[in-house]
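Visitor: Below are the structure tokens for one structure; questions will follow.
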Amino acid sequence: MNKPLENSKLVDPFNRQITYLRLSVTDRCDLRCTYCMPEKMTFLNKKEVLTFEEMHKLCSGFIHLGIKKIRITGGEPLVRKGIMNFFEMLNPYLSHQLEELTLTTNGTQLHKYADQLYATGVRRINVSLDTLNPKKFEHVTRIGKLHDVLKGIEAAQDANLKIKINCVALKDINDDEIDNFLKWCIKNNFDLTFIETMPMGDIGNETRLNHFLSLDELKKNISSKFELEDISFSSGGPAKYSKIKGSIIKLGFITPLSHNFCSSCNRIRVDATGVLHQCLGQSNSLDFRKILRDPGATEADLLESIRKSIKQKPEKHSFAYDFSKERVEGKIDRHMSLTGG
């Protein structure tokens, strides 16, 4: 494909330029985090999931129309067989239109792939990690071992990958170890982003509401022990950042329930089946699998479908937390593991 023309850039109905694609390569995961999915999760049939060739074709179309950053997500992306082949397929775009290729992972497989990730052009990764306590980690993930993640993080450091830690703030689970978490990140020069739990998918007998922690409350707690300064930095995502005096790390806060962050949204998500979700917290979607598997569909058809999908992007998500009634509103039926973190 040729270089994208100025007038071909993707702009949504609210004049936001879309430059960031989050692509889920699988809904499968080797953990079963209590806030994400039920213990006995039913995953997609492999035939429902796009092939790497189909994903590459779709990414190529998005890049042609102005996408500058692609984040590979899951599920856990590194459990998909042959995943490094897909990174190699996307690598050539980094020499031209694509500015960044990155990854969100739970870290369990990083020790196997850190060097290969760097070799394919990945320079920074997000690692989802909610506790540094081995017993709590096993409780939250149901089946995980903290040692595996820490070994992966060490391998990523050795491979010169820049690491950001994503931590879901959970009341009565990890809120008592925030100080130690911060000190660990400061010691290792890991940026750290806290995230409010989101009402997505049936998670069985677990309840998110009992563990919902407003990041306003968390930030107030942190400010009583660390000197924070708000900064205007943006990594392309929804986080609002602060700096901790005396350290070089950036501290981010993602607040889907307590504060809407949609005004500057520049991203769209494609799940592992090829369905594009214009918004994480809405039901708007467009199925690209039909187009990609239609032998009569042309490249022009694909590009026109991409443009059409952006024109349907809503203004904001519908997640909300009613503090007076202690009730979460705007619940979405699909799981985060399908949509992509």
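Note on naming: chains are A, B, ... as they come in the structure tokens, residues start from 1 per chain, ligands start from 1 in the order shown.
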Pull the strand (DSSP E or B) assignments for range 150-195 of chain A out of DSSP run on the backbone, and list those residues as a list in words.
Guide: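 Secondary structure check on range 150-195 of chain A, strand (DSSP E or B): Lys162, Ile163, Lys164, Ile165, Asn166, Cys167, Val168, Ala169, Leu170, Asp191, Leu192, Thr193, Phe194 and Ile195 of chain A.
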Visitor: Could you save the residues just selected, with N, CA and C atoms, as a compact mmCIF listing (two decimals), in the first residue's frame?
Guide:
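Saved result, selection.txt, follows:
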```txt
# COMPACT_ATOMS: atom_id res chain seq x y z
N LYS A 162 11.53 -1.30 27.74
CA LYS A 162 11.04 -0.39 28.76
C LYS A 162 9.72 -0.95 29.29
N ILE A 163 9.57 -0.97 30.60
CA ILE A 163 8.43 -1.65 31.23
C ILE A 163 7.54 -0.65 31.96
N LYS A 164 6.22 -0.76 31.71
CA LYS A 164 5.23 -0.05 32.52
C LYS A 164 4.36 -1.10 33.18
N ILE A 165 4.11 -0.93 34.46
CA ILE A 165 3.26 -1.85 35.20
C ILE A 165 1.84 -1.31 35.23
N ASN A 166 0.87 -2.16 34.89
CA ASN A 166 -0.55 -1.82 35.03
C ASN A 166 -1.11 -2.56 36.23
N CYS A 167 -1.70 -1.83 37.16
CA CYS A 167 -2.23 -2.43 38.39
C CYS A 167 -3.70 -2.06 38.56
N VAL A 168 -4.57 -3.06 38.62
CA VAL A 168 -5.99 -2.82 38.92
C VAL A 168 -6.12 -2.61 40.42
N ALA A 169 -6.64 -1.47 40.81
CA ALA A 169 -6.80 -1.14 42.23
C ALA A 169 -8.01 -1.90 42.79
N LEU A 170 -7.78 -2.69 43.83
CA LEU A 170 -8.82 -3.56 44.38
C LEU A 170 -8.93 -3.36 45.89
N ASP A 191 7.50 2.74 35.12
CA ASP A 191 6.30 3.56 35.22
C ASP A 191 5.16 2.69 35.73
N LEU A 192 4.21 3.30 36.40
CA LEU A 192 3.12 2.55 37.04
C LEU A 192 1.80 3.23 36.77
N THR A 193 0.82 2.46 36.30
CA THR A 193 -0.53 3.00 36.08
C THR A 193 -1.54 2.19 36.88
N PHE A 194 -2.34 2.89 37.67
CA PHE A 194 -3.44 2.27 38.40
C PHE A 194 -4.71 2.37 37.56
N ILE A 195 -5.55 1.32 37.63
CA ILE A 195 -6.77 1.24 36.82
C ILE A 195 -7.94 0.85 37.71
```
Visitor: Leaving out Lys225 in chain A and any residue of its chain fewer than 4 positions from it, which residues lie within 12 Å of it when counting only C-alpha atoms, given as number ranges by chain?
Guide: A: 178-180, 182-183, 218-221, 244-245
Visitor: Measuring atom to atom with only C-alpha atoms, identify which of A:Asn266, A:Ser224, A:Ser95, A:Gln312 is nearest to Pro238 in chain A.
Guide: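 Selected residue with least distance to Pro238 in chain A: A:Asn266.
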Visitor: Provide the CA of Pro77 in chain A to CA of Leu302 in chain A distance in Å, to one decimal place.
Guide: 24.7 Å
Visitor: Leaving out Ala156 in chain A and any residue of its chain fewer than 5 positions from it, which residues lie within 9 Å of it when counting only C-alpha atoms, given as a PyMOL selection string?
Guide: chain A and resi 110-111+113-115+118+125+151+161-163
Visitor: Run DSSP on the backbone and tell me which residues of range 103-309 of chain A come out as alpha helix (DSSP H); list them as a ChimeraX atom specification.
Guide: /A:110-119,134-141,146-158,178-188,215-223,289-292,299-309
Visitor: Mind checking which residues fall within 7 Å of Thr141 in chain A, counting only C-alpha atoms, ignoring those fewer than 3 positions away in the same chain, and posting them as a compact mmCIF listing (two decimals) with C-alpha atoms, in the first residue's frame?
Guide:
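Resulting contents of around.txt:
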```txt
# COMPACT_ATOMS: atom_id res chain seq x y z
CA LEU A 31 -4.53 -16.90 34.27
CA ARG A 32 -8.12 -16.55 35.55
CA CYS A 33 -8.15 -13.18 37.28
CA THR A 34 -11.22 -12.81 39.47
CA PHE A 137 -1.32 -13.18 43.42
CA GLU A 138 -2.52 -16.78 43.50
CA GLY A 144 -0.89 -18.08 38.71
```
Visitor: Can you pull out the residues contacting range 284-289 of chain A? Cut-off 10 Å, using only C-alpha atoms, and skip same-chain residues under 6 positions away; I want them as a ChimeraX atom specification.
Guide: /A:48-51,54-55,58,269-278,302,305-306,308-310,312-314
Visitor: Keeping only N, CA and C atoms, write the selected residues to a file as a short mmCIF file (atom, residue, chain, number, x, y, z; two decimals), in the first residue's frame.
Guide:
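Listed below is the output, out.cif:
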```cif
data_model
loop_
_atom_site.label_atom_id
_atom_site.label_comp_id
_atom_site.auth_asym_id
_atom_site.auth_seq_id
_atom_site.Cartn_x
_atom_site.Cartn_y
_atom_site.Cartn_z
N GLU A 48 -13.09 -19.39 14.85
CA GLU A 48 -13.69 -18.06 14.99
C GLU A 48 -12.64 -16.96 15.03
N VAL A 49 -11.42 -17.32 15.37
CA VAL A 49 -10.35 -16.34 15.55
C VAL A 49 -9.66 -16.06 14.22
N LEU A 50 -9.34 -14.80 13.97
CA LEU A 50 -8.65 -14.44 12.73
C LEU A 50 -7.28 -15.12 12.65
N THR A 51 -6.88 -15.48 11.45
CA THR A 51 -5.52 -15.96 11.24
C THR A 51 -4.57 -14.76 11.30
N GLU A 54 -4.89 -12.77 8.16
CA GLU A 54 -6.06 -11.88 8.15
C GLU A 54 -5.81 -10.65 9.02
N MET A 55 -5.19 -10.87 10.17
CA MET A 55 -4.87 -9.75 11.05
C MET A 55 -3.87 -8.80 10.39
N LEU A 58 -5.64 -6.65 7.87
CA LEU A 58 -6.43 -5.62 8.53
C LEU A 58 -5.53 -4.50 9.06
N ARG A 269 -10.52 -0.61 19.03
CA ARG A 269 -10.10 -1.96 19.37
C ARG A 269 -10.67 -2.95 18.37
N VAL A 270 -9.86 -3.94 18.01
CA VAL A 270 -10.32 -5.06 17.22
C VAL A 270 -10.10 -6.32 18.03
N ASP A 271 -11.18 -7.10 18.24
CA ASP A 271 -11.01 -8.31 19.04
C ASP A 271 -10.49 -9.46 18.18
N ALA A 272 -10.27 -10.60 18.80
CA ALA A 272 -9.62 -11.72 18.13
C ALA A 272 -10.45 -12.31 17.00
N THR A 273 -11.75 -12.03 16.96
CA THR A 273 -12.61 -12.54 15.90
C THR A 273 -12.71 -11.58 14.72
N GLY A 274 -12.08 -10.41 14.85
CA GLY A 274 -12.14 -9.43 13.77
C GLY A 274 -13.25 -8.40 13.93
N VAL A 275 -13.89 -8.40 15.08
CA VAL A 275 -14.93 -7.39 15.33
C VAL A 275 -14.28 -6.14 15.90
N LEU A 276 -14.53 -5.02 15.24
CA LEU A 276 -14.02 -3.74 15.70
C LEU A 276 -15.00 -3.13 16.68
N HIS A 277 -14.49 -2.76 17.85
CA HIS A 277 -15.29 -2.08 18.87
C HIS A 277 -14.86 -0.63 18.91
N GLN A 278 -15.77 0.25 18.47
CA GLN A 278 -15.41 1.67 18.41
C GLN A 278 -15.18 2.26 19.79
N LEU A 302 -12.25 -3.06 1.96
CA LEU A 302 -11.73 -3.08 3.32
C LEU A 302 -11.49 -1.67 3.84
N SER A 305 -14.70 0.08 4.60
CA SER A 305 -15.30 -0.42 5.84
C SER A 305 -14.62 0.17 7.06
N ILE A 306 -13.30 0.33 6.98
CA ILE A 306 -12.58 0.95 8.10
C ILE A 306 -13.05 2.39 8.29
N LYS A 308 -15.87 3.67 7.42
CA LYS A 308 -17.26 3.62 7.90
C LYS A 308 -17.30 3.36 9.40
N SER A 309 -16.43 2.45 9.86
CA SER A 309 -16.44 2.11 11.29
C SER A 309 -16.07 3.30 12.15
N ILE A 310 -15.14 4.12 11.69
CA ILE A 310 -14.72 5.29 12.47
C ILE A 310 -15.83 6.33 12.53
N GLN A 312 -18.79 5.75 12.95
CA GLN A 312 -19.80 5.29 13.90
C GLN A 312 -19.29 5.33 15.35
N LYS A 313 -18.11 5.87 15.56
CA LYS A 313 -17.53 5.89 16.91
C LYS A 313 -18.35 6.81 17.82
N PRO A 314 -18.79 6.32 18.99
CA PRO A 314 -19.59 7.16 19.89
C PRO A 314 -18.74 8.20 20.61
#
```
Visitor: What gap, in Å, lies between CA of Cys36 in chain A and CA of Val140 in chain A?
Guide: 9.8 Å
Visitor: Can you tell me how far CA of Gln97 in chain A sits from CA of Ile153 in chain A, in Å to one decimal?
Guide: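 CA of Ile153 in chain A lies at a distance of 29.4 Å from CA of Gln97 in chain A.
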Visitor: Which residues of range 87-162 of chain A sit at most 10 Å from range 13-23 of chain A, using only C-alpha atoms? Give each one's shortest atom pair and distance in Å (one decimal place), in chain and ascending residue order, as CSV.
Guide:
```
residue,atom,partner,partner_atom,distance
A:Leu98,CA,A:Thr19,CA,9.8
A:Glu100,CA,A:Tyr20,CA,9.5
A:Leu101,CA,A:Leu21,CA,9.9
A:Thr102,CA,A:Arg22,CA,9.5
A:Leu103,CA,A:Arg22,CA,9.2
A:Thr104,CA,A:Arg22,CA,9.6
```
Visitor: From the options A:Lys47, A:Arg123, A:His64, A:Lys171, which residue's atoms come nearest to His211 in chain A, counting only C-alpha atoms?
Guide: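 Distance minimum relative to His211 in chain A lands on A:Lys171.
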Visitor: Neighbouring residues of Glu99 in chain A were defined as those with any atom within 8 Å, considering only C-alpha atoms; residues of the same chain fewer than 3 positions away were excluded. Please report them as a ChimeraX atom specification.
Guide: /A:68-69,94,96
Visitor: Would you mind exporting N, CA and C atoms of the selected residues as a JSON list (two decimals), in the first residue's frame?
Guide:
```
[["chain", "number", "residue", "atom", "x", "y", "z"],
["A", 68, "LYS", "N", -0.87, 5.03, 13.68],
["A", 68, "LYS", "CA", 0.55, 5.22, 13.96],
["A", 68, "LYS", "C", 1.07, 4.27, 15.04],
["A", 69, "LYS", "N", 0.16, 3.74, 15.85],
["A", 69, "LYS", "CA", 0.58, 2.90, 16.97],
["A", 69, "LYS", "C", -0.32, 1.67, 17.03],
["A", 94, "LEU", "N", 7.41, -0.52, 10.72],
["A", 94, "LEU", "CA", 8.09, 0.38, 11.64],
["A", 94, "LEU", "C", 9.13, 1.24, 10.94],
["A", 96, "HIS", "N", 8.45, 2.72, 8.18],
["A", 96, "HIS", "CA", 7.71, 3.66, 7.33],
["A", 96, "HIS", "C", 6.60, 4.36, 8.13]]
```
Visitor: For a quick check of understanding, using only C-alpha atoms, which of A:Pro295, A:Gly121, A:Gly107, A:Gly74 has the smallest distance to Asn160 in chain A?
Guide: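 The answer is A:Gly121, which sits nearest to Asn160 in chain A.
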